[in-house]
file coords.cif (mmCIF, N, CA and C atoms and all ligand atoms)
data_start
loop_
_atom_site.label_atom_id
_atom_site.label_comp_id
_atom_site.auth_asym_id
_atom_site.auth_seq_id
_atom_site.Cartn_x
_atom_site.Cartn_y
_atom_site.Cartn_z
N MET E 1 0.84 -1.19 0.00
CA MET E 1 0.00 0.00 0.00
C MET E 1 0.88 1.24 0.00
N ARG E 2 0.66 2.15 -0.96
CA ARG E 2 1.47 3.37 -1.03
C ARG E 2 0.58 4.59 -1.10
N PRO E 3 0.19 5.10 0.07
CA PRO E 3 -0.66 6.30 0.07
C PRO E 3 0.06 7.48 -0.57
N THR E 4 -0.69 8.32 -1.21
CA THR E 4 -0.10 9.42 -1.97
C THR E 4 0.30 10.59 -1.07
N THR E 5 -0.48 10.82 0.00
CA THR E 5 -0.15 11.92 0.92
C THR E 5 -0.29 11.41 2.34
N PRO E 6 0.41 12.05 3.30
CA PRO E 6 0.29 11.64 4.70
C PRO E 6 -1.15 11.72 5.19
N GLY E 7 -1.87 12.75 4.80
CA GLY E 7 -3.26 12.91 5.24
C GLY E 7 -4.10 11.74 4.77
N PHE E 8 -3.94 11.36 3.56
CA PHE E 8 -4.64 10.21 2.97
C PHE E 8 -4.33 8.96 3.78
N ALA E 9 -3.07 8.81 4.13
CA ALA E 9 -2.64 7.62 4.86
C ALA E 9 -3.35 7.51 6.20
N HIS E 10 -3.62 8.63 6.83
CA HIS E 10 -4.26 8.57 8.14
C HIS E 10 -5.72 8.22 8.06
N ARG E 11 -6.35 8.58 6.97
CA ARG E 11 -7.80 8.37 6.89
C ARG E 11 -8.16 7.02 6.27
N VAL E 12 -7.36 6.49 5.42
CA VAL E 12 -7.77 5.36 4.59
C VAL E 12 -7.61 3.96 5.21
N PRO E 13 -6.57 3.69 6.01
CA PRO E 13 -6.30 2.31 6.40
C PRO E 13 -7.49 1.54 6.96
N LEU E 14 -8.31 2.14 7.82
CA LEU E 14 -9.42 1.39 8.41
C LEU E 14 -10.36 0.87 7.32
N LEU E 15 -10.66 1.73 6.36
CA LEU E 15 -11.55 1.34 5.27
C LEU E 15 -10.94 0.19 4.47
N VAL E 16 -9.65 0.30 4.20
CA VAL E 16 -8.97 -0.73 3.40
C VAL E 16 -9.00 -2.06 4.14
N VAL E 17 -8.73 -2.00 5.45
CA VAL E 17 -8.73 -3.24 6.25
C VAL E 17 -10.11 -3.87 6.22
N LEU E 18 -11.15 -3.05 6.36
CA LEU E 18 -12.51 -3.58 6.34
C LEU E 18 -12.81 -4.25 5.01
N LEU E 19 -12.38 -3.63 3.92
CA LEU E 19 -12.62 -4.21 2.60
C LEU E 19 -11.90 -5.55 2.44
N LEU E 20 -10.66 -5.59 2.93
CA LEU E 20 -9.88 -6.81 2.78
C LEU E 20 -10.46 -7.94 3.61
N LEU E 21 -11.12 -7.58 4.71
CA LEU E 21 -11.65 -8.62 5.60
C LEU E 21 -13.02 -9.11 5.15
N THR E 22 -13.59 -8.45 4.17
CA THR E 22 -14.93 -8.82 3.72
C THR E 22 -14.82 -9.85 2.60
N PRO E 23 -15.20 -11.09 2.88
CA PRO E 23 -15.06 -12.15 1.85
C PRO E 23 -15.79 -11.82 0.57
N SER E 24 -16.98 -11.24 0.67
CA SER E 24 -17.74 -10.98 -0.55
C SER E 24 -17.01 -9.98 -1.43
N ALA E 25 -16.32 -9.02 -0.81
CA ALA E 25 -15.57 -8.04 -1.58
C ALA E 25 -14.43 -8.72 -2.35
N GLN E 26 -13.78 -9.67 -1.70
CA GLN E 26 -12.68 -10.38 -2.36
C GLN E 26 -13.21 -11.21 -3.53
N THR E 27 -14.30 -11.91 -3.29
CA THR E 27 -14.87 -12.75 -4.34
C THR E 27 -15.27 -11.88 -5.53
N PHE E 28 -15.90 -10.78 -5.22
CA PHE E 28 -16.35 -9.87 -6.28
C PHE E 28 -15.16 -9.42 -7.13
N THR E 29 -14.08 -9.05 -6.46
CA THR E 29 -12.89 -8.58 -7.17
C THR E 29 -12.34 -9.68 -8.08
N ALA E 30 -12.28 -10.90 -7.54
CA ALA E 30 -11.72 -12.01 -8.32
C ALA E 30 -12.55 -12.24 -9.59
N GLN E 31 -13.88 -12.20 -9.42
CA GLN E 31 -14.73 -12.48 -10.58
C GLN E 31 -14.66 -11.33 -11.59
N GLU E 32 -14.46 -10.12 -11.09
CA GLU E 32 -14.41 -8.98 -11.98
C GLU E 32 -13.16 -9.00 -12.86
N THR E 33 -12.05 -9.50 -12.29
CA THR E 33 -10.79 -9.34 -12.98
C THR E 33 -10.37 -10.61 -13.76
N THR E 34 -11.05 -11.73 -13.52
CA THR E 34 -10.64 -12.98 -14.15
C THR E 34 -11.66 -13.41 -15.19
N ALA E 35 -11.23 -13.50 -16.42
CA ALA E 35 -12.12 -14.03 -17.45
C ALA E 35 -12.31 -15.51 -17.18
N PRO E 36 -13.52 -16.02 -17.39
CA PRO E 36 -13.74 -17.44 -17.11
C PRO E 36 -12.93 -18.32 -18.06
N ARG E 37 -12.51 -19.46 -17.54
CA ARG E 37 -11.84 -20.44 -18.40
C ARG E 37 -12.92 -21.23 -19.11
N ARG E 38 -12.85 -21.25 -20.42
CA ARG E 38 -13.88 -21.93 -21.21
C ARG E 38 -13.44 -23.37 -21.47
N ILE E 39 -14.38 -24.27 -21.24
CA ILE E 39 -14.09 -25.69 -21.45
C ILE E 39 -15.17 -26.24 -22.37
N GLU E 40 -14.74 -26.74 -23.51
CA GLU E 40 -15.68 -27.25 -24.49
C GLU E 40 -15.97 -28.72 -24.20
N ILE E 41 -17.24 -29.07 -24.22
CA ILE E 41 -17.64 -30.45 -23.95
C ILE E 41 -18.63 -30.89 -25.04
N VAL E 42 -18.40 -32.07 -25.58
CA VAL E 42 -19.34 -32.63 -26.55
C VAL E 42 -20.10 -33.76 -25.87
N ALA E 43 -21.42 -33.72 -25.97
CA ALA E 43 -22.27 -34.79 -25.45
C ALA E 43 -22.75 -35.62 -26.63
N ARG E 44 -22.40 -36.89 -26.63
CA ARG E 44 -22.94 -37.76 -27.68
C ARG E 44 -23.10 -39.17 -27.12
N ARG E 45 -23.97 -39.95 -27.75
CA ARG E 45 -24.29 -41.29 -27.25
C ARG E 45 -23.02 -42.12 -27.13
N PHE E 46 -22.61 -42.60 -25.98
CA PHE E 46 -23.20 -42.34 -24.68
C PHE E 46 -22.08 -41.89 -23.76
N ALA E 47 -21.56 -40.71 -24.03
CA ALA E 47 -20.43 -40.21 -23.26
C ALA E 47 -20.32 -38.70 -23.38
N PHE E 48 -19.61 -38.12 -22.44
CA PHE E 48 -19.19 -36.73 -22.55
C PHE E 48 -17.72 -36.71 -22.95
N GLU E 49 -17.36 -35.79 -23.82
CA GLU E 49 -15.96 -35.67 -24.22
C GLU E 49 -15.48 -34.24 -23.96
N PRO E 50 -14.53 -34.00 -23.06
CA PRO E 50 -13.91 -35.03 -22.22
C PRO E 50 -14.86 -35.47 -21.10
N ALA E 51 -14.64 -36.69 -20.62
CA ALA E 51 -15.50 -37.22 -19.57
C ALA E 51 -15.08 -36.70 -18.21
N ARG E 52 -13.83 -36.23 -18.13
CA ARG E 52 -13.31 -35.78 -16.84
C ARG E 52 -12.78 -34.35 -17.00
N ILE E 53 -13.27 -33.45 -16.18
CA ILE E 53 -12.86 -32.05 -16.23
C ILE E 53 -12.19 -31.72 -14.90
N THR E 54 -11.01 -31.14 -14.96
CA THR E 54 -10.31 -30.78 -13.74
C THR E 54 -10.20 -29.26 -13.63
N VAL E 55 -10.65 -28.72 -12.52
CA VAL E 55 -10.60 -27.27 -12.29
C VAL E 55 -10.04 -27.03 -10.89
N VAL E 56 -9.86 -25.74 -10.57
CA VAL E 56 -9.29 -25.37 -9.27
C VAL E 56 -10.33 -24.56 -8.50
N THR E 57 -10.46 -24.85 -7.22
CA THR E 57 -11.41 -24.14 -6.36
C THR E 57 -11.32 -22.63 -6.55
N GLY E 58 -12.45 -22.00 -6.75
CA GLY E 58 -12.51 -20.55 -6.90
C GLY E 58 -12.35 -20.07 -8.34
N GLU E 59 -11.95 -20.98 -9.22
CA GLU E 59 -11.73 -20.62 -10.61
C GLU E 59 -13.07 -20.34 -11.31
N ALA E 60 -13.09 -19.29 -12.12
CA ALA E 60 -14.29 -18.98 -12.89
C ALA E 60 -14.29 -19.85 -14.14
N ILE E 61 -15.35 -20.62 -14.30
CA ILE E 61 -15.43 -21.60 -15.39
C ILE E 61 -16.66 -21.29 -16.24
N GLU E 62 -16.51 -21.49 -17.53
CA GLU E 62 -17.69 -21.48 -18.39
C GLU E 62 -17.63 -22.71 -19.27
N LEU E 63 -18.55 -23.64 -19.00
CA LEU E 63 -18.61 -24.83 -19.84
C LEU E 63 -19.36 -24.47 -21.11
N GLU E 64 -18.88 -24.98 -22.23
CA GLU E 64 -19.56 -24.79 -23.51
C GLU E 64 -19.92 -26.18 -24.02
N VAL E 65 -21.18 -26.54 -23.82
CA VAL E 65 -21.60 -27.91 -24.11
C VAL E 65 -22.45 -27.93 -25.37
N HIS E 66 -22.11 -28.83 -26.27
CA HIS E 66 -23.01 -29.04 -27.41
C HIS E 66 -23.14 -30.52 -27.71
N SER E 67 -24.19 -30.85 -28.45
CA SER E 67 -24.46 -32.25 -28.74
C SER E 67 -23.76 -32.68 -30.02
N GLY E 68 -23.31 -33.93 -30.03
CA GLY E 68 -22.74 -34.51 -31.24
C GLY E 68 -23.76 -35.31 -32.01
N ASP E 69 -24.97 -35.46 -31.46
CA ASP E 69 -26.03 -36.18 -32.17
C ASP E 69 -27.41 -35.65 -31.75
N GLY E 70 -28.08 -36.37 -30.89
CA GLY E 70 -29.43 -35.96 -30.51
C GLY E 70 -29.45 -35.15 -29.22
N VAL E 71 -30.62 -35.12 -28.59
CA VAL E 71 -30.81 -34.37 -27.35
C VAL E 71 -30.17 -35.10 -26.18
N HIS E 72 -29.42 -34.36 -25.38
CA HIS E 72 -28.86 -34.90 -24.15
C HIS E 72 -29.14 -33.91 -23.02
N GLY E 73 -28.70 -34.28 -21.84
CA GLY E 73 -28.78 -33.36 -20.71
C GLY E 73 -27.41 -33.25 -20.07
N PHE E 74 -27.21 -32.17 -19.33
CA PHE E 74 -25.93 -32.01 -18.62
C PHE E 74 -26.28 -31.62 -17.19
N GLU E 75 -26.01 -32.53 -16.27
CA GLU E 75 -26.41 -32.28 -14.89
C GLU E 75 -25.26 -32.53 -13.92
N ILE E 76 -25.04 -31.55 -13.03
CA ILE E 76 -24.14 -31.75 -11.89
C ILE E 76 -25.01 -31.48 -10.67
N LYS E 77 -25.53 -32.56 -10.11
CA LYS E 77 -26.54 -32.41 -9.04
C LYS E 77 -26.02 -31.58 -7.88
N LYS E 78 -24.79 -31.87 -7.46
CA LYS E 78 -24.23 -31.20 -6.28
C LYS E 78 -24.15 -29.69 -6.48
N LEU E 79 -24.09 -29.23 -7.73
CA LEU E 79 -23.97 -27.79 -7.99
C LEU E 79 -25.30 -27.21 -8.49
N LYS E 80 -26.34 -28.04 -8.47
CA LYS E 80 -27.67 -27.61 -8.94
C LYS E 80 -27.61 -27.10 -10.39
N ILE E 81 -26.76 -27.76 -11.19
CA ILE E 81 -26.68 -27.44 -12.61
C ILE E 81 -27.45 -28.50 -13.37
N LYS E 82 -28.38 -28.08 -14.22
CA LYS E 82 -29.12 -29.03 -15.05
C LYS E 82 -29.58 -28.31 -16.30
N GLU E 83 -29.02 -28.70 -17.44
CA GLU E 83 -29.35 -28.04 -18.69
C GLU E 83 -29.67 -29.08 -19.75
N GLN E 84 -30.62 -28.75 -20.63
CA GLN E 84 -30.86 -29.61 -21.78
C GLN E 84 -29.89 -29.20 -22.88
N ILE E 85 -29.30 -30.20 -23.51
CA ILE E 85 -28.39 -29.95 -24.63
C ILE E 85 -29.13 -30.35 -25.90
N PRO E 86 -29.56 -29.38 -26.68
CA PRO E 86 -30.40 -29.70 -27.84
C PRO E 86 -29.61 -30.34 -28.98
N ARG E 87 -30.35 -30.98 -29.86
CA ARG E 87 -29.79 -31.50 -31.09
C ARG E 87 -29.21 -30.34 -31.90
N GLY E 88 -28.14 -30.61 -32.64
CA GLY E 88 -27.63 -29.56 -33.51
C GLY E 88 -26.41 -28.86 -32.95
N GLU E 89 -26.12 -27.69 -33.51
CA GLU E 89 -24.87 -27.01 -33.22
C GLU E 89 -24.95 -26.08 -32.01
N MET E 90 -26.14 -25.88 -31.48
CA MET E 90 -26.29 -24.89 -30.42
C MET E 90 -25.42 -25.20 -29.21
N VAL E 91 -24.65 -24.20 -28.78
CA VAL E 91 -23.78 -24.37 -27.62
C VAL E 91 -24.50 -23.85 -26.38
N VAL E 92 -24.57 -24.68 -25.36
CA VAL E 92 -25.16 -24.27 -24.09
C VAL E 92 -24.04 -23.85 -23.16
N ARG E 93 -24.08 -22.58 -22.72
CA ARG E 93 -23.02 -22.06 -21.85
C ARG E 93 -23.44 -22.20 -20.41
N ILE E 94 -22.54 -22.77 -19.61
CA ILE E 94 -22.85 -23.01 -18.20
C ILE E 94 -21.74 -22.40 -17.35
N PRO E 95 -21.94 -21.16 -16.88
CA PRO E 95 -20.92 -20.52 -16.05
C PRO E 95 -21.09 -20.91 -14.59
N PHE E 96 -19.99 -21.09 -13.90
CA PHE E 96 -20.05 -21.32 -12.45
C PHE E 96 -18.66 -21.09 -11.87
N THR E 97 -18.62 -20.92 -10.57
CA THR E 97 -17.35 -20.79 -9.88
C THR E 97 -17.02 -22.13 -9.26
N ALA E 98 -15.81 -22.62 -9.53
CA ALA E 98 -15.43 -23.95 -9.04
C ALA E 98 -15.58 -24.02 -7.52
N PRO E 99 -16.31 -25.01 -7.03
CA PRO E 99 -16.63 -25.10 -5.60
C PRO E 99 -15.48 -25.72 -4.80
N ALA E 100 -15.79 -26.14 -3.60
CA ALA E 100 -14.79 -26.75 -2.71
C ALA E 100 -14.18 -27.98 -3.37
N PRO E 101 -12.93 -28.29 -3.00
CA PRO E 101 -12.27 -29.47 -3.60
C PRO E 101 -13.11 -30.73 -3.41
N GLY E 102 -13.06 -31.58 -4.42
CA GLY E 102 -13.81 -32.83 -4.35
C GLY E 102 -14.17 -33.30 -5.74
N THR E 103 -14.99 -34.34 -5.79
CA THR E 103 -15.44 -34.86 -7.07
C THR E 103 -16.95 -34.66 -7.19
N TYR E 104 -17.37 -34.24 -8.37
CA TYR E 104 -18.76 -33.89 -8.61
C TYR E 104 -19.22 -34.65 -9.85
N PRO E 105 -20.03 -35.69 -9.65
CA PRO E 105 -20.48 -36.49 -10.79
C PRO E 105 -21.31 -35.68 -11.78
N ILE E 106 -21.07 -35.94 -13.06
CA ILE E 106 -21.83 -35.35 -14.15
C ILE E 106 -22.70 -36.45 -14.75
N ALA E 107 -23.95 -36.14 -15.02
CA ALA E 107 -24.83 -37.14 -15.62
C ALA E 107 -25.60 -36.53 -16.77
N CYS E 108 -26.04 -37.39 -17.67
CA CYS E 108 -26.96 -36.98 -18.71
C CYS E 108 -28.36 -37.01 -18.12
N SER E 109 -29.07 -35.90 -18.21
CA SER E 109 -30.37 -35.80 -17.55
C SER E 109 -31.54 -35.90 -18.53
N GLU E 110 -31.26 -36.26 -19.78
CA GLU E 110 -32.34 -36.48 -20.75
C GLU E 110 -32.18 -37.88 -21.32
N TYR E 111 -33.27 -38.64 -21.33
CA TYR E 111 -33.17 -39.99 -21.86
C TYR E 111 -32.75 -39.94 -23.34
N CYS E 112 -31.66 -40.66 -23.67
CA CYS E 112 -31.13 -40.53 -25.02
C CYS E 112 -30.87 -41.88 -25.68
N GLY E 113 -31.37 -42.95 -25.06
CA GLY E 113 -31.21 -44.25 -25.70
C GLY E 113 -30.82 -45.32 -24.70
N ALA E 114 -30.49 -46.48 -25.24
CA ALA E 114 -30.29 -47.68 -24.42
C ALA E 114 -29.26 -47.49 -23.31
N ASN E 115 -28.19 -46.78 -23.61
CA ASN E 115 -27.12 -46.65 -22.62
C ASN E 115 -27.09 -45.28 -21.95
N HIS E 116 -28.24 -44.64 -21.92
CA HIS E 116 -28.37 -43.34 -21.27
C HIS E 116 -27.80 -43.36 -19.85
N ASP E 117 -28.11 -44.42 -19.11
CA ASP E 117 -27.67 -44.48 -17.71
C ASP E 117 -26.15 -44.56 -17.57
N ASP E 118 -25.48 -44.94 -18.65
CA ASP E 118 -24.01 -45.04 -18.58
C ASP E 118 -23.32 -43.74 -19.00
N MET E 119 -24.12 -42.76 -19.38
CA MET E 119 -23.55 -41.52 -19.89
C MET E 119 -23.21 -40.62 -18.71
N LYS E 120 -21.98 -40.74 -18.29
CA LYS E 120 -21.56 -40.03 -17.08
C LYS E 120 -20.21 -39.37 -17.28
N GLY E 121 -19.96 -38.35 -16.45
CA GLY E 121 -18.66 -37.70 -16.43
C GLY E 121 -18.31 -37.34 -15.01
N MET E 122 -17.20 -36.63 -14.86
CA MET E 122 -16.77 -36.26 -13.52
C MET E 122 -16.10 -34.89 -13.54
N LEU E 123 -16.56 -34.02 -12.66
CA LEU E 123 -15.87 -32.74 -12.43
C LEU E 123 -14.97 -32.94 -11.22
N VAL E 124 -13.67 -32.75 -11.42
CA VAL E 124 -12.72 -32.89 -10.31
C VAL E 124 -12.24 -31.49 -9.93
N VAL E 125 -12.47 -31.11 -8.68
CA VAL E 125 -12.05 -29.79 -8.21
C VAL E 125 -10.86 -29.96 -7.28
N GLN E 126 -9.74 -29.32 -7.66
CA GLN E 126 -8.52 -29.40 -6.85
C GLN E 126 -8.38 -28.14 -6.02
N ALA E 127 -7.67 -28.26 -4.90
CA ALA E 127 -7.48 -27.12 -4.00
C ALA E 127 -6.52 -26.10 -4.60
N THR E 128 -5.51 -26.57 -5.33
CA THR E 128 -4.55 -25.66 -5.95
C THR E 128 -4.28 -26.13 -7.37
N SER E 129 -3.60 -25.29 -8.14
CA SER E 129 -3.31 -25.66 -9.52
C SER E 129 -2.07 -26.55 -9.65
N ALA E 130 -1.44 -26.87 -8.50
CA ALA E 130 -0.28 -27.77 -8.52
C ALA E 130 -0.70 -29.12 -9.09
N PRO E 131 0.17 -29.76 -9.86
CA PRO E 131 -0.17 -31.06 -10.43
C PRO E 131 -0.53 -32.05 -9.33
N ALA E 132 -1.61 -32.76 -9.51
CA ALA E 132 -2.04 -33.73 -8.51
C ALA E 132 -1.10 -34.92 -8.52
N SER E 133 -0.74 -35.40 -7.34
CA SER E 133 0.10 -36.61 -7.28
C SER E 133 -0.79 -37.82 -7.51
N GLU E 134 -0.24 -38.77 -8.19
CA GLU E 134 -1.00 -39.99 -8.48
C GLU E 134 -1.26 -40.75 -7.18
N PRO E 135 -2.47 -41.23 -6.98
CA PRO E 135 -2.77 -41.95 -5.75
C PRO E 135 -2.10 -43.32 -5.72
CU1 LIG P 201 -27.32 -38.66 -23.15
CU2 LIG P 201 -29.05 -39.45 -21.80
#
call {"tool": "encode", "arguments": {"input": "coords.cif", "output": "structure tokens", "more": "lines below"}}
Ligand code: CUA
result
Amino acid sequence: MRPTTPGFAHRVPLLVVLLLLTPSAQTFTAQETTAPRRIEIVARRFAFEPARITVVTGEAIELEVHSGDGVHGFEIKKLKIKEQIPRGEMVVRIPFTAPAPGTYPIACSEYCGANHDDMKGMLVVQATSAPASEP
């Protein structure tokens, strides 16, 4: 912090400290300054490509999902995300902020044929961007 004048320095610090201590202010700043990372996903019978998406907690993400054949769904129950992916070229954009570390199952939420129930993916949220060690 480099105040421009001594007078400024005396008046400002309390306000600055309050802002820094306010979690919502920090989150707001992060979202304002970081463009979302776009991840393209193709839904087609009976898989998502890629099936596994790895992100970092707090990262701004925008999924761009489109169908490779007929109608599918894209659902991450734990994040209350559920979108229909229509037939054709239309891209469904799904913005969200990567949640707490963990694994979040992705499922197809529209019946799309015999192996609909096998059409699954996984969102993996890591605590940091450091490469994960193999288990
Ligand atoms: Cu794809 Cu159900």
call {"tool": "atom_distance", "arguments": {"input": "coords.cif", "atom1": "atom CA of E:Ala35", "atom2": "atom CA of E:Met119"}}
result
29.9 Å
call {"tool": "residues_near_ligand", "arguments": {"input": "coords.cif", "ligand": "ligand LIG 201 (chain P)", "cutoff": "12 Å", "atoms": "only C-alpha atoms and all ligand atoms", "output": "number ranges by chain"}}
result
E: 42-49, 66-75, 83-87, 106-121
call {"tool": "axis_aligned_box", "arguments": {"input": "coords.cif", "around": "stretch 58-71 of chain E", "padding_each_side": "6 Å", "output": "lines of an AutoDock Vina configuration file"}}
result
center_x = -21.3
center_y = -27.7
center_z = -19.5
size_x = 31.1
size_y = 29.4
size_z = 37.4
call {"tool": "residues_around", "arguments": {"input": "coords.cif", "residues": "E:Arg37", "least_positions_apart": "3", "cutoff": "5 Å", "atoms": "all atoms listed in the file", "output": "NGL selection string"}}
result
:E and (60-62)
call {"tool": "atom_distance", "arguments": {"input": "coords.cif", "atom1": "atom N of E:Arg93", "atom2": "atom CA of E:Val65"}}
result
6.0 Å
call {"tool": "atom_distance", "arguments": {"input": "coords.cif", "atom1": "atom CA of E:Thr97", "atom2": "atom CA of E:Val55"}}
result
9.7 Å
call {"tool": "select_by_dssp", "arguments": {"input": "coords.cif", "residues": "stretch 65-132 of chain E", "states": "strand (DSSP E or B)", "output": "count of residues only"}}
result
32
call {"tool": "residues_around", "arguments": {"input": "coords.cif", "residues": "E:Val124", "least_positions_apart": "6", "cutoff": "6 Å", "atoms": "only N, CA and C atoms", "output": "ChimeraX atom specification"}}
result
/E:52-55,102-104
call {"tool": "closest_residue", "arguments": {"input": "coords.cif", "among": "E:Thr34, E:Ala51, E:Pro95, E:Ile76", "to": "E:Leu63", "atoms": "all atoms listed in the file"}}
result
E:Pro95
call {"tool": "residues_around", "arguments": {"input": "coords.cif", "residues": "E:Pro99", "least_positions_apart": "2", "cutoff": "6 Å", "atoms": "only N, CA and C atoms", "output": "list in words"}}
result
Thr57, Gly58, Thr97 and Pro101 of chain E
call {"tool": "closest_residue", "arguments": {"input": "coords.cif", "among": "E:Glu59, E:Lys82, E:Thr128, E:Glu40", "to": "E:Phe96", "atoms": "only N, CA and C atoms"}}
result
E:Glu59
call {"tool": "decode", "arguments": {"input": "coords.cif", "residues": "stretch 78-97 of chain E", "atoms": "N, CA, C and O atoms", "output": "compact mmCIF listing (two decimals), in the first residue's frame"}}
result
# COMPACT_ATOMS: atom_id res chain seq x y z
N LYS E 78 -24.79 -31.87 -7.46
CA LYS E 78 -24.23 -31.20 -6.28
C LYS E 78 -24.15 -29.69 -6.48
O LYS E 78 -24.10 -28.94 -5.51
N LEU E 79 -24.09 -29.23 -7.73
CA LEU E 79 -23.97 -27.79 -7.99
C LEU E 79 -25.30 -27.21 -8.49
O LEU E 79 -25.35 -26.05 -8.91
N LYS E 80 -26.34 -28.04 -8.47
CA LYS E 80 -27.67 -27.61 -8.94
C LYS E 80 -27.61 -27.10 -10.39
O LYS E 80 -28.28 -26.14 -10.77
N ILE E 81 -26.76 -27.76 -11.19
CA ILE E 81 -26.68 -27.44 -12.61
C ILE E 81 -27.45 -28.50 -13.37
O ILE E 81 -27.24 -29.70 -13.15
N LYS E 82 -28.38 -28.08 -14.22
CA LYS E 82 -29.12 -29.03 -15.05
C LYS E 82 -29.58 -28.31 -16.30
O LYS E 82 -30.40 -27.40 -16.23
N GLU E 83 -29.02 -28.70 -17.44
CA GLU E 83 -29.35 -28.04 -18.69
C GLU E 83 -29.67 -29.08 -19.75
O GLU E 83 -29.05 -30.14 -19.80
N GLN E 84 -30.62 -28.75 -20.63
CA GLN E 84 -30.86 -29.61 -21.78
C GLN E 84 -29.89 -29.20 -22.88
O GLN E 84 -29.68 -28.01 -23.12
N ILE E 85 -29.30 -30.20 -23.51
CA ILE E 85 -28.39 -29.95 -24.63
C ILE E 85 -29.13 -30.35 -25.90
O ILE E 85 -29.32 -31.54 -26.16
N PRO E 86 -29.56 -29.38 -26.68
CA PRO E 86 -30.40 -29.70 -27.84
C PRO E 86 -29.61 -30.34 -28.98
O PRO E 86 -28.38 -30.23 -29.05
N ARG E 87 -30.35 -30.98 -29.86
CA ARG E 87 -29.79 -31.50 -31.09
C ARG E 87 -29.21 -30.34 -31.90
O ARG E 87 -29.71 -29.23 -31.84
N GLY E 88 -28.14 -30.61 -32.64
CA GLY E 88 -27.63 -29.56 -33.51
C GLY E 88 -26.41 -28.86 -32.95
O GLY E 88 -25.79 -29.34 -32.02
N GLU E 89 -26.12 -27.69 -33.51
CA GLU E 89 -24.87 -27.01 -33.22
C GLU E 89 -24.95 -26.08 -32.01
O GLU E 89 -23.95 -25.51 -31.60
N MET E 90 -26.14 -25.88 -31.48
CA MET E 90 -26.29 -24.89 -30.42
C MET E 90 -25.42 -25.20 -29.21
O MET E 90 -25.45 -26.32 -28.69
N VAL E 91 -24.65 -24.20 -28.78
CA VAL E 91 -23.78 -24.37 -27.62
C VAL E 91 -24.50 -23.85 -26.38
O VAL E 91 -25.01 -22.73 -26.37
N VAL E 92 -24.57 -24.68 -25.36
CA VAL E 92 -25.16 -24.27 -24.09
C VAL E 92 -24.04 -23.85 -23.16
O VAL E 92 -23.13 -24.64 -22.88
N ARG E 93 -24.08 -22.58 -22.72
CA ARG E 93 -23.02 -22.06 -21.85
C ARG E 93 -23.44 -22.20 -20.41
O ARG E 93 -24.54 -21.81 -20.03
N ILE E 94 -22.54 -22.77 -19.61
CA ILE E 94 -22.85 -23.01 -18.20
C ILE E 94 -21.74 -22.40 -17.35
O ILE E 94 -20.69 -23.01 -17.15
N PRO E 95 -21.94 -21.16 -16.88
CA PRO E 95 -20.92 -20.52 -16.05
C PRO E 95 -21.09 -20.91 -14.59
O PRO E 95 -22.21 -21.05 -14.10
N PHE E 96 -19.99 -21.09 -13.90
CA PHE E 96 -20.05 -21.32 -12.45
C PHE E 96 -18.66 -21.09 -11.87
O PHE E 96 -17.67 -21.04 -12.60
N THR E 97 -18.62 -20.92 -10.57
CA THR E 97 -17.35 -20.79 -9.88
C THR E 97 -17.02 -22.13 -9.26
O THR E 97 -17.87 -22.72 -8.58
